[in-house]
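Asker: Contents are TSV, C-alpha atoms; file name run-v3.tsv:
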```
chain	number	residue	atom	x	y	z
A	1	MET	CA	-32.72	146.36	13.38
A	2	ILE	CA	-29.81	146.28	15.81
A	3	TRP	CA	-29.10	150.03	15.56
A	4	GLU	CA	-31.15	152.58	17.50
A	5	SER	CA	-30.69	155.26	14.85
A	6	TRP	CA	-28.70	156.06	11.73
A	7	ASP	CA	-26.47	158.30	13.85
A	8	ALA	CA	-25.64	155.33	16.04
A	9	PHE	CA	-24.91	153.30	12.90
A	10	TRP	CA	-22.46	155.87	11.51
A	11	ALA	CA	-20.81	156.33	14.93
A	12	MET	CA	-20.06	152.56	15.16
A	13	GLY	CA	-19.91	152.72	18.95
A	14	GLY	CA	-16.95	155.11	18.82
A	15	TYR	CA	-15.00	153.04	16.26
A	16	ALA	CA	-16.20	155.05	13.23
A	17	LEU	CA	-12.69	156.03	12.07
A	18	TYR	CA	-11.42	152.45	12.18
A	19	VAL	CA	-14.49	150.68	10.76
A	20	TRP	CA	-15.21	153.20	7.97
A	21	GLY	CA	-11.50	153.61	7.30
A	22	SER	CA	-11.32	149.86	6.64
A	23	PHE	CA	-14.43	149.52	4.51
A	24	GLY	CA	-13.72	152.80	2.70
A	25	MET	CA	-10.16	151.85	1.74
A	26	THR	CA	-11.34	148.44	0.52
A	27	LEU	CA	-14.00	150.06	-1.65
A	28	ALA	CA	-11.43	152.54	-3.01
A	29	CYS	CA	-9.00	149.71	-3.87
A	30	ILE	CA	-11.67	147.70	-5.68
A	31	ALA	CA	-12.97	150.74	-7.57
A	32	GLY	CA	-9.40	151.68	-8.48
A	33	GLU	CA	-8.56	148.20	-9.74
A	34	VAL	CA	-11.71	147.99	-11.87
A	35	TRP	CA	-11.04	151.45	-13.32
A	36	LEU	CA	-7.39	150.60	-14.13
A	37	LEU	CA	-8.43	147.31	-15.76
A	38	ARG	CA	-10.95	149.00	-18.04
A	39	ARG	CA	-8.46	151.67	-19.03
A	40	GLN	CA	-5.78	149.05	-19.69
A	41	ARG	CA	-8.13	147.01	-21.89
A	42	ARG	CA	-9.04	150.09	-23.95
A	43	GLN	CA	-5.40	151.15	-24.30
A	44	VAL	CA	-4.17	147.70	-25.33
A	45	VAL	CA	-6.96	147.24	-27.89
A	46	SER	CA	-6.35	150.63	-29.48
A	47	ARG	CA	-2.56	150.10	-29.54
A	48	LEU	CA	-2.91	146.67	-31.14
A	49	ARG	CA	-5.33	148.06	-33.74
A	50	ARG	CA	-2.81	150.76	-34.62
A	51	LEU	CA	-0.08	148.10	-34.95
A	52	GLN	CA	-2.38	146.05	-37.14
A	53	ARG	CA	-3.04	148.98	-39.50
A	54	PHE	CA	0.69	149.65	-39.58
A	55	ASP	CA	1.42	146.00	-40.43
A	56	SER	CA	-1.08	145.89	-43.26
A	57	GLN	CA	0.31	148.99	-44.96
B	1	MET	CA	-15.92	117.38	-23.65
B	2	ASN	CA	-12.28	118.06	-24.24
B	3	LEU	CA	-10.93	120.24	-21.44
B	4	TYR	CA	-7.63	120.80	-23.23
B	5	ARG	CA	-9.51	122.80	-25.81
B	6	TYR	CA	-9.96	125.57	-23.22
B	7	ALA	CA	-6.22	125.85	-22.77
B	8	SER	CA	-6.04	127.21	-26.29
B	9	PRO	CA	-5.98	131.02	-26.30
B	10	ALA	CA	-8.38	131.21	-29.26
B	11	THR	CA	-11.04	129.36	-27.24
B	12	PHE	CA	-10.19	130.94	-23.91
B	13	HIS	CA	-10.59	134.56	-25.03
B	14	PRO	CA	-14.29	134.47	-26.02
B	15	LEU	CA	-15.18	132.00	-23.24
B	16	ALA	CA	-13.61	134.22	-20.55
B	17	GLY	CA	-15.38	137.21	-22.06
B	18	ARG	CA	-18.73	135.49	-21.63
B	19	LEU	CA	-17.97	134.35	-18.07
B	20	VAL	CA	-16.82	137.71	-16.68
B	21	PRO	CA	-20.28	139.36	-16.34
B	22	TRP	CA	-21.58	136.31	-14.45
B	23	PHE	CA	-18.73	136.31	-11.94
B	24	ALA	CA	-19.01	140.07	-11.55
B	25	ALA	CA	-22.76	139.83	-10.89
B	26	LEU	CA	-22.22	137.02	-8.37
B	27	ALA	CA	-19.52	139.07	-6.64
B	28	ALA	CA	-21.83	142.10	-6.37
B	29	ALA	CA	-24.77	140.05	-5.05
B	30	LEU	CA	-22.61	138.20	-2.49
B	31	ALA	CA	-20.93	141.44	-1.38
B	32	ALA	CA	-24.34	143.04	-0.84
B	33	ALA	CA	-25.49	140.07	1.24
B	34	GLY	CA	-22.18	139.97	3.12
B	35	LEU	CA	-22.30	143.69	3.95
B	36	TYR	CA	-25.88	143.32	5.13
B	37	ILE	CA	-24.87	140.52	7.51
B	38	SER	CA	-21.77	142.47	8.59
B	39	PHE	CA	-23.66	145.58	9.62
B	40	PHE	CA	-27.28	144.61	10.30
B	41	VAL	CA	-27.38	140.98	11.36
B	42	ALA	CA	-24.14	140.26	13.23
B	43	PRO	CA	-24.44	141.29	16.90
B	44	THR	CA	-22.10	143.64	18.76
B	45	ASP	CA	-19.05	141.84	20.15
B	46	PHE	CA	-19.03	141.72	23.93
B	47	GLN	CA	-15.30	142.50	24.13
B	48	GLN	CA	-14.51	144.62	21.07
B	49	GLY	CA	-17.82	146.47	20.62
B	50	GLU	CA	-18.53	147.59	17.06
B	51	GLY	CA	-14.82	147.77	16.23
B	52	TYR	CA	-14.71	144.04	15.54
B	53	ARG	CA	-16.78	144.56	12.34
B	54	ILE	CA	-13.47	145.13	10.55
B	55	ILE	CA	-13.18	141.32	10.71
B	56	PHE	CA	-15.64	141.01	7.79
B	57	ILE	CA	-13.07	142.65	5.52
B	58	HIS	CA	-9.84	141.74	7.27
B	59	VAL	CA	-10.20	137.96	7.45
B	60	PRO	CA	-11.53	137.38	3.91
B	61	ALA	CA	-8.82	139.72	2.53
B	62	ALA	CA	-6.11	137.85	4.45
B	63	TRP	CA	-7.45	134.49	3.24
B	64	MET	CA	-7.48	135.75	-0.35
B	65	SER	CA	-3.95	137.17	-0.09
B	66	MET	CA	-2.61	133.72	0.83
B	67	PHE	CA	-4.88	131.69	-1.43
B	68	ILE	CA	-4.19	133.79	-4.54
B	69	TYR	CA	-0.47	133.29	-4.00
B	70	ILE	CA	-0.96	129.51	-3.80
B	71	VAL	CA	-3.00	129.57	-7.01
B	72	MET	CA	-0.30	131.71	-8.66
B	73	ALA	CA	2.38	129.21	-7.60
B	74	PHE	CA	0.17	126.38	-8.90
B	75	TRP	CA	-0.13	127.98	-12.37
B	76	SER	CA	3.60	128.74	-12.31
B	77	ALA	CA	4.39	125.07	-11.62
B	78	ILE	CA	2.05	123.91	-14.40
B	79	GLY	CA	3.62	126.44	-16.76
B	80	LEU	CA	7.17	125.37	-15.95
B	81	ALA	CA	6.31	121.66	-16.22
B	82	TRP	CA	4.27	121.68	-19.43
B	83	ASN	CA	5.20	125.03	-20.95
B	84	THR	CA	1.55	125.98	-21.39
B	85	ARG	CA	1.10	129.62	-22.42
B	86	LEU	CA	-2.16	130.17	-20.62
B	87	SER	CA	-0.75	129.03	-17.23
B	88	PHE	CA	1.82	131.82	-17.11
B	89	VAL	CA	-0.82	134.31	-18.21
B	90	MET	CA	-3.09	133.19	-15.36
B	91	ALA	CA	-0.28	133.60	-12.81
B	92	ARG	CA	0.41	137.07	-14.11
B	93	ALA	CA	-3.28	138.01	-14.17
B	94	LEU	CA	-3.70	137.12	-10.48
B	95	ALA	CA	-0.74	139.03	-9.05
B	96	PRO	CA	-2.15	142.60	-8.88
B	97	THR	CA	-5.37	141.39	-7.22
B	98	GLY	CA	-3.35	139.33	-4.73
B	99	ALA	CA	-1.24	142.38	-3.92
B	100	MET	CA	-4.40	144.45	-3.51
B	101	PHE	CA	-5.90	141.98	-1.01
B	102	THR	CA	-2.61	141.78	0.91
B	103	PHE	CA	-2.55	145.55	1.18
B	104	VAL	CA	-6.20	145.58	2.33
B	105	ALA	CA	-5.43	142.91	4.95
B	106	LEU	CA	-2.49	144.96	6.28
B	107	TRP	CA	-4.44	148.24	6.17
B	108	THR	CA	-7.51	146.88	7.96
B	109	GLY	CA	-5.21	145.07	10.39
B	110	ALA	CA	-3.56	148.38	11.29
B	111	LEU	CA	-6.96	150.04	11.77
B	112	TRP	CA	-7.97	147.15	14.01
B	113	GLY	CA	-4.70	147.06	15.90
B	114	LYS	CA	-4.78	150.71	16.90
B	115	PRO	CA	-7.95	150.62	19.04
B	116	MET	CA	-7.52	147.01	20.25
B	117	TRP	CA	-3.75	146.75	20.87
B	118	GLY	CA	-2.87	150.42	21.00
B	119	ALA	CA	-0.48	150.21	18.03
B	120	TRP	CA	-0.94	150.54	14.26
B	121	TRP	CA	1.91	148.14	13.65
B	122	VAL	CA	4.11	145.73	15.60
B	123	TRP	CA	6.88	143.52	14.26
B	124	ASP	CA	5.07	140.36	15.20
B	125	ALA	CA	5.53	137.14	13.18
B	126	ARG	CA	2.06	137.26	11.57
B	127	LEU	CA	2.34	140.91	10.54
B	128	THR	CA	5.92	140.66	9.34
B	129	SER	CA	5.32	137.55	7.21
B	130	SER	CA	2.23	139.23	5.69
B	131	LEU	CA	4.33	142.26	4.79
B	132	ILE	CA	6.82	139.90	3.12
B	133	LEU	CA	3.90	138.47	1.12
B	134	LEU	CA	3.12	141.97	-0.16
B	135	PHE	CA	6.77	142.40	-1.17
B	136	LEU	CA	6.68	139.03	-2.96
B	137	TYR	CA	3.67	140.15	-5.02
B	138	VAL	CA	5.24	143.53	-5.80
B	139	GLY	CA	8.59	141.89	-6.55
B	140	TYR	CA	6.94	139.46	-8.96
B	141	MET	CA	5.15	142.29	-10.78
B	142	ALA	CA	8.36	144.35	-10.94
B	143	LEU	CA	10.24	141.35	-12.34
B	144	GLN	CA	7.58	140.86	-15.04
B	145	ALA	CA	7.80	144.52	-15.96
B	146	ALA	CA	11.61	144.53	-16.02
B	147	ILE	CA	12.14	141.63	-18.47
B	148	ASP	CA	11.23	142.44	-22.06
B	149	ASP	CA	11.08	138.92	-23.44
B	150	PRO	CA	7.74	137.53	-22.19
B	151	ARG	CA	8.94	133.92	-22.20
B	152	ARG	CA	11.94	134.72	-20.02
B	153	ALA	CA	9.76	136.90	-17.78
B	154	ASP	CA	7.28	134.03	-17.43
B	155	ARG	CA	9.96	131.57	-16.34
B	156	ALA	CA	11.78	133.92	-13.97
B	157	GLY	CA	8.49	134.97	-12.37
B	158	ALA	CA	7.31	131.36	-12.04
B	159	LEU	CA	10.53	130.44	-10.25
B	160	LEU	CA	10.10	133.35	-7.84
B	161	ASN	CA	6.52	132.24	-7.11
B	162	LEU	CA	7.60	128.67	-6.39
B	163	VAL	CA	10.22	129.86	-3.91
B	164	GLY	CA	7.94	132.53	-2.43
B	165	VAL	CA	5.06	130.13	-1.76
B	166	ILE	CA	7.06	128.82	1.23
B	167	ASN	CA	6.02	132.05	2.96
B	168	VAL	CA	2.30	131.11	2.89
B	169	PRO	CA	2.42	128.27	5.47
B	170	ILE	CA	4.73	130.49	7.54
B	171	ILE	CA	2.03	133.19	7.61
B	172	TYR	CA	-0.71	130.68	8.33
B	173	PHE	CA	1.05	128.89	11.20
B	174	SER	CA	2.91	131.94	12.55
B	175	VAL	CA	0.33	132.41	15.32
B	176	LYS	CA	1.02	128.84	16.46
B	177	TRP	CA	4.78	128.66	16.02
B	178	TRP	CA	5.63	131.96	17.64
B	179	ASN	CA	4.27	133.93	20.50
B	180	THR	CA	2.41	136.61	18.59
B	181	LEU	CA	0.32	139.60	19.54
B	182	HIS	CA	-1.99	138.65	16.67
B	183	GLN	CA	-4.79	136.39	17.87
B	184	GLY	CA	-4.99	132.75	16.80
B	185	ALA	CA	-7.22	131.44	14.03
B	186	SER	CA	-10.93	132.12	14.62
B	187	VAL	CA	-11.95	129.57	12.02
B	188	SER	CA	-10.33	126.18	11.67
B	189	LEU	CA	-11.20	122.97	9.87
B	190	THR	CA	-10.47	120.78	12.86
B	191	ARG	CA	-12.53	122.37	15.62
B	192	ALA	CA	-15.72	124.39	16.07
B	193	PRO	CA	-15.28	128.09	15.27
B	194	SER	CA	-14.75	130.32	18.29
B	195	MET	CA	-17.35	132.86	17.25
B	196	ALA	CA	-21.07	133.43	16.82
B	197	GLN	CA	-22.72	131.70	13.85
B	198	THR	CA	-23.82	134.95	12.21
B	199	MET	CA	-20.28	136.39	12.40
B	200	LEU	CA	-18.93	133.25	10.75
B	201	TRP	CA	-21.57	133.43	8.02
B	202	GLY	CA	-20.79	137.09	7.35
B	203	MET	CA	-17.11	136.26	6.89
B	204	LEU	CA	-17.79	133.27	4.65
B	205	VAL	CA	-20.17	135.21	2.39
B	206	MET	CA	-17.66	138.07	2.12
B	207	ALA	CA	-14.89	135.58	1.31
B	208	LEU	CA	-17.06	134.05	-1.43
B	209	ALA	CA	-17.71	137.54	-2.84
B	210	ALA	CA	-13.95	138.17	-2.86
B	211	TRP	CA	-13.48	134.90	-4.73
B	212	MET	CA	-15.98	135.79	-7.44
B	213	TYR	CA	-14.44	139.26	-7.74
B	214	THR	CA	-10.95	137.78	-8.08
B	215	ILE	CA	-12.06	135.36	-10.80
B	216	ALA	CA	-13.78	138.19	-12.72
B	217	VAL	CA	-10.84	140.62	-12.65
B	218	ALA	CA	-8.25	137.87	-13.29
B	219	LEU	CA	-10.20	136.74	-16.37
B	220	VAL	CA	-10.37	140.30	-17.70
B	221	ARG	CA	-6.62	140.75	-17.15
B	222	ALA	CA	-5.83	137.35	-18.70
B	223	ARG	CA	-7.90	138.21	-21.79
B	224	THR	CA	-5.98	141.43	-22.32
B	225	LEU	CA	-2.61	139.71	-21.81
B	226	ILE	CA	-3.45	136.86	-24.18
B	227	LEU	CA	-4.66	139.28	-26.86
B	228	GLU	CA	-1.41	141.22	-26.58
B	229	ARG	CA	0.70	138.09	-26.88
B	230	GLU	CA	-1.26	136.54	-29.73
B	231	ARG	CA	-1.77	139.69	-31.73
B	232	GLN	CA	-0.21	138.16	-34.85
B	233	THR	CA	-2.62	135.24	-34.98
B	234	GLU	CA	-5.74	134.99	-37.07
B	235	TRP	CA	-8.17	134.91	-34.13
B	236	ALA	CA	-6.59	137.94	-32.42
B	237	ARG	CA	-6.86	139.94	-35.64
B	238	ALA	CA	-10.53	139.03	-35.90
B	239	VAL	CA	-11.16	140.07	-32.27
B	240	LEU	CA	-9.39	143.40	-32.80
B	241	LYS	CA	-11.51	144.11	-35.86
B	242	GLU	CA	-14.68	143.59	-33.84
B	243	GLU	CA	-13.68	145.46	-30.69
B	244	ALA	CA	-13.48	149.22	-31.05
```
Could you render the structure from this file as structure tokens?

Answerer:
Amino acid sequence: MIWESWDAFWAMGGYALYVWGSFGMTLACIAGEVWLLRRQRRQVVSRLRRLQRFDSQ
Amino acid sequence: MNLYRYASPATFHPLAGRLVPWFAALAAALAAAGLYISFFVAPTDFQQGEGYRIIFIHVPAAWMSMFIYIVMAFWSAIGLAWNTRLSFVMARALAPTGAMFTFVALWTGALWGKPMWGAWWVWDARLTSSLILLFLYVGYMALQAAIDDPRRADRAGALLNLVGVINVPIIYFSVKWWNTLHQGASVSLTRAPSMAQTMLWGMLVMALAAWMYTIAVALVRARTLILERERQTEWARAVLKEEA
């Protein structure tokens, strides 16, 4: 273990804002993209199913 | 095995669906390993202290932002040359992820620049050409959204990508061609890397994780696009019946 304590880990030698700001934003972007993709898939499938029902009538 | 078979949307859709969980699992496992190296194995930098750990996000994200654009331009060229439907879909499926990585590279670069250079942003050649890359991604997506006819949108977007790809070598060599505040390449194919082995490994594992992630999300996006475009075909109807 290269860190003396968990406090030292979270403090990042005084660079906490910059290091956690970087990793946090990256995590938020990835989570956001995955969430948007799932929503888009659901929306497209339900819209196409509606169109299909409409076509067959 | 006939590779051309996989260029057919009817074959691609189920195949991509089966591949996605594997790429996603690989991405998660590699990211976990990469984060472990980034925070618990890689030593403190003697000049930049703990602040340098941003490198484990910044460099892989910057690599991805350039590489995804090259892959997009590649699919665009194939699409224009052979008029293959799936090529344009692949180019379109990659763009949002490329834009995301470009944004992450710029964001982490700003958070690195502030403590190390004393400025969030400078109009240096590397930073400016990376910002142009973000605009190229956003411009491509806006162009796709603005043209209703998908075939026209495909061709116009592909042309933009082929012109825009000129920016990628400009970004890559900007630190050599101009006198930039941004440091030179830490990793190069022609000489030994100017950093500790563990730091290099951390970056490479994170880059590999980003690759697997990109493949997974691009396949999901391509599946949705292809289903939308082929909705009148027999196979798409069958898929829609199954999927609730």

Asker: I'd like a table as JSON lines: residues in chain B with an atom no more than 8 Å from chain A, each row giving the shortest atom pair and its distance in Å to one decimal, all atoms listed in the file counted, sorted by chain and rising residue number.

Answerer:
```
{"residue": "B:Phe40", "atom": "CA", "partner": "A:Ile2", "partner_atom": "CA", "distance": 6.3}
{"residue": "B:Val41", "atom": "CA", "partner": "A:Ile2", "partner_atom": "CA", "distance": 7.3}
{"residue": "B:Pro43", "atom": "CA", "partner": "A:Ile2", "partner_atom": "CA", "distance": 7.4}
{"residue": "B:Gly49", "atom": "CA", "partner": "A:Gly13", "partner_atom": "CA", "distance": 6.8}
{"residue": "B:Glu50", "atom": "CA", "partner": "A:Met12", "partner_atom": "CA", "distance": 5.5}
{"residue": "B:Gly51", "atom": "CA", "partner": "A:Tyr15", "partner_atom": "CA", "distance": 5.3}
{"residue": "B:Arg53", "atom": "CA", "partner": "A:Val19", "partner_atom": "CA", "distance": 6.7}
{"residue": "B:Ile54", "atom": "CA", "partner": "A:Val19", "partner_atom": "CA", "distance": 5.6}
{"residue": "B:Ile57", "atom": "CA", "partner": "A:Phe23", "partner_atom": "CA", "distance": 7.1}
{"residue": "B:Thr97", "atom": "CA", "partner": "A:Glu33", "partner_atom": "CA", "distance": 7.9}
{"residue": "B:Met100", "atom": "CA", "partner": "A:Cys29", "partner_atom": "CA", "distance": 7.0}
{"residue": "B:Val104", "atom": "CA", "partner": "A:Thr26", "partner_atom": "CA", "distance": 6.2}
{"residue": "B:Trp107", "atom": "CA", "partner": "A:Ser22", "partner_atom": "CA", "distance": 7.1}
{"residue": "B:Thr108", "atom": "CA", "partner": "A:Ser22", "partner_atom": "CA", "distance": 5.0}
{"residue": "B:Leu111", "atom": "CA", "partner": "A:Tyr18", "partner_atom": "CA", "distance": 5.1}
{"residue": "B:Trp112", "atom": "CA", "partner": "A:Tyr18", "partner_atom": "CA", "distance": 6.6}
{"residue": "B:Pro115", "atom": "CA", "partner": "A:Tyr18", "partner_atom": "CA", "distance": 7.9}
{"residue": "B:Val217", "atom": "CA", "partner": "A:Val34", "partner_atom": "CA", "distance": 7.5}
{"residue": "B:Val220", "atom": "CA", "partner": "A:Leu37", "partner_atom": "CA", "distance": 7.5}
{"residue": "B:Arg221", "atom": "CA", "partner": "A:Leu37", "partner_atom": "CA", "distance": 6.9}
{"residue": "B:Thr224", "atom": "CA", "partner": "A:Arg41", "partner_atom": "CA", "distance": 6.0}
{"residue": "B:Glu228", "atom": "CA", "partner": "A:Val44", "partner_atom": "CA", "distance": 7.2}
{"residue": "B:Arg231", "atom": "CA", "partner": "A:Leu48", "partner_atom": "CA", "distance": 7.1}
{"residue": "B:Arg237", "atom": "CA", "partner": "A:Gln52", "partner_atom": "CA", "distance": 7.7}
{"residue": "B:Leu240", "atom": "CA", "partner": "A:Arg49", "partner_atom": "CA", "distance": 6.3}
{"residue": "B:Lys241", "atom": "CA", "partner": "A:Arg49", "partner_atom": "CA", "distance": 7.6}
{"residue": "B:Glu243", "atom": "CA", "partner": "A:Val45", "partner_atom": "CA", "distance": 7.5}
{"residue": "B:Ala244", "atom": "CA", "partner": "A:Ser46", "partner_atom": "CA", "distance": 7.4}
```

Asker: In Å to one decimal, how far is CA of Thr214 in chain B from CA of Trp123 in chain B?

Answerer: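 About the pair CA of Trp123 in chain B and CA of Thr214 in chain B: they are 29.2 Å apart.
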
Asker: Between CA of Ser8 in chain B and CA of Val71 in chain B, what is the spacing in Å?

Answerer: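 A separation of 19.7 Å between them.
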
Asker: Mind checking which residues fall within 8 Å of range 136-151 of chain B, counting all atoms listed in the file, ignoring those fewer than 3 positions away in the same chain, and posting them as a list of chain:residue names?

Answerer: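 Those residues are B:Arg92, B:Ala95, B:Pro96, B:Gly98, B:Ala99, B:Ile132, B:Leu133, B:Asp154, B:Arg155, B:Ala156, B:Gly157, B:Leu160, B:Asn161, B:Gly164.
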
Asker: Between CA of Val175 in chain B and CA of Ile68 in chain B, measure the distance and give it in Å to one decimal.

Answerer: 20.4 Å

Asker: Looking at B:Phe88, B:Trp178, B:Trp22, B:Trp82, which one is nearest to Leu127 in chain B, with distances taken over only C-alpha atoms?

Answerer: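 For Leu127 in chain B, the nearest of the given residues is B:Trp178.
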
Asker: Just the residues within 7 Å of His58 in chain B, please, counting all atoms listed in the file, with nothing from its chain fewer than 3 positions along; format it as a list of chain:residue names.

Answerer: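 Neighbouring residues, sequence-local ones excluded: B:Ile54, B:Ile55, B:Ala61, B:Ala62, B:Ala105, B:Thr108, B:Gly109.
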
Asker: What lies within 8 Å of Ser38 in chain B using all atoms listed in the file, ignoring chain neighbours under 5 positions off, as a count of residues only?

Answerer: 5
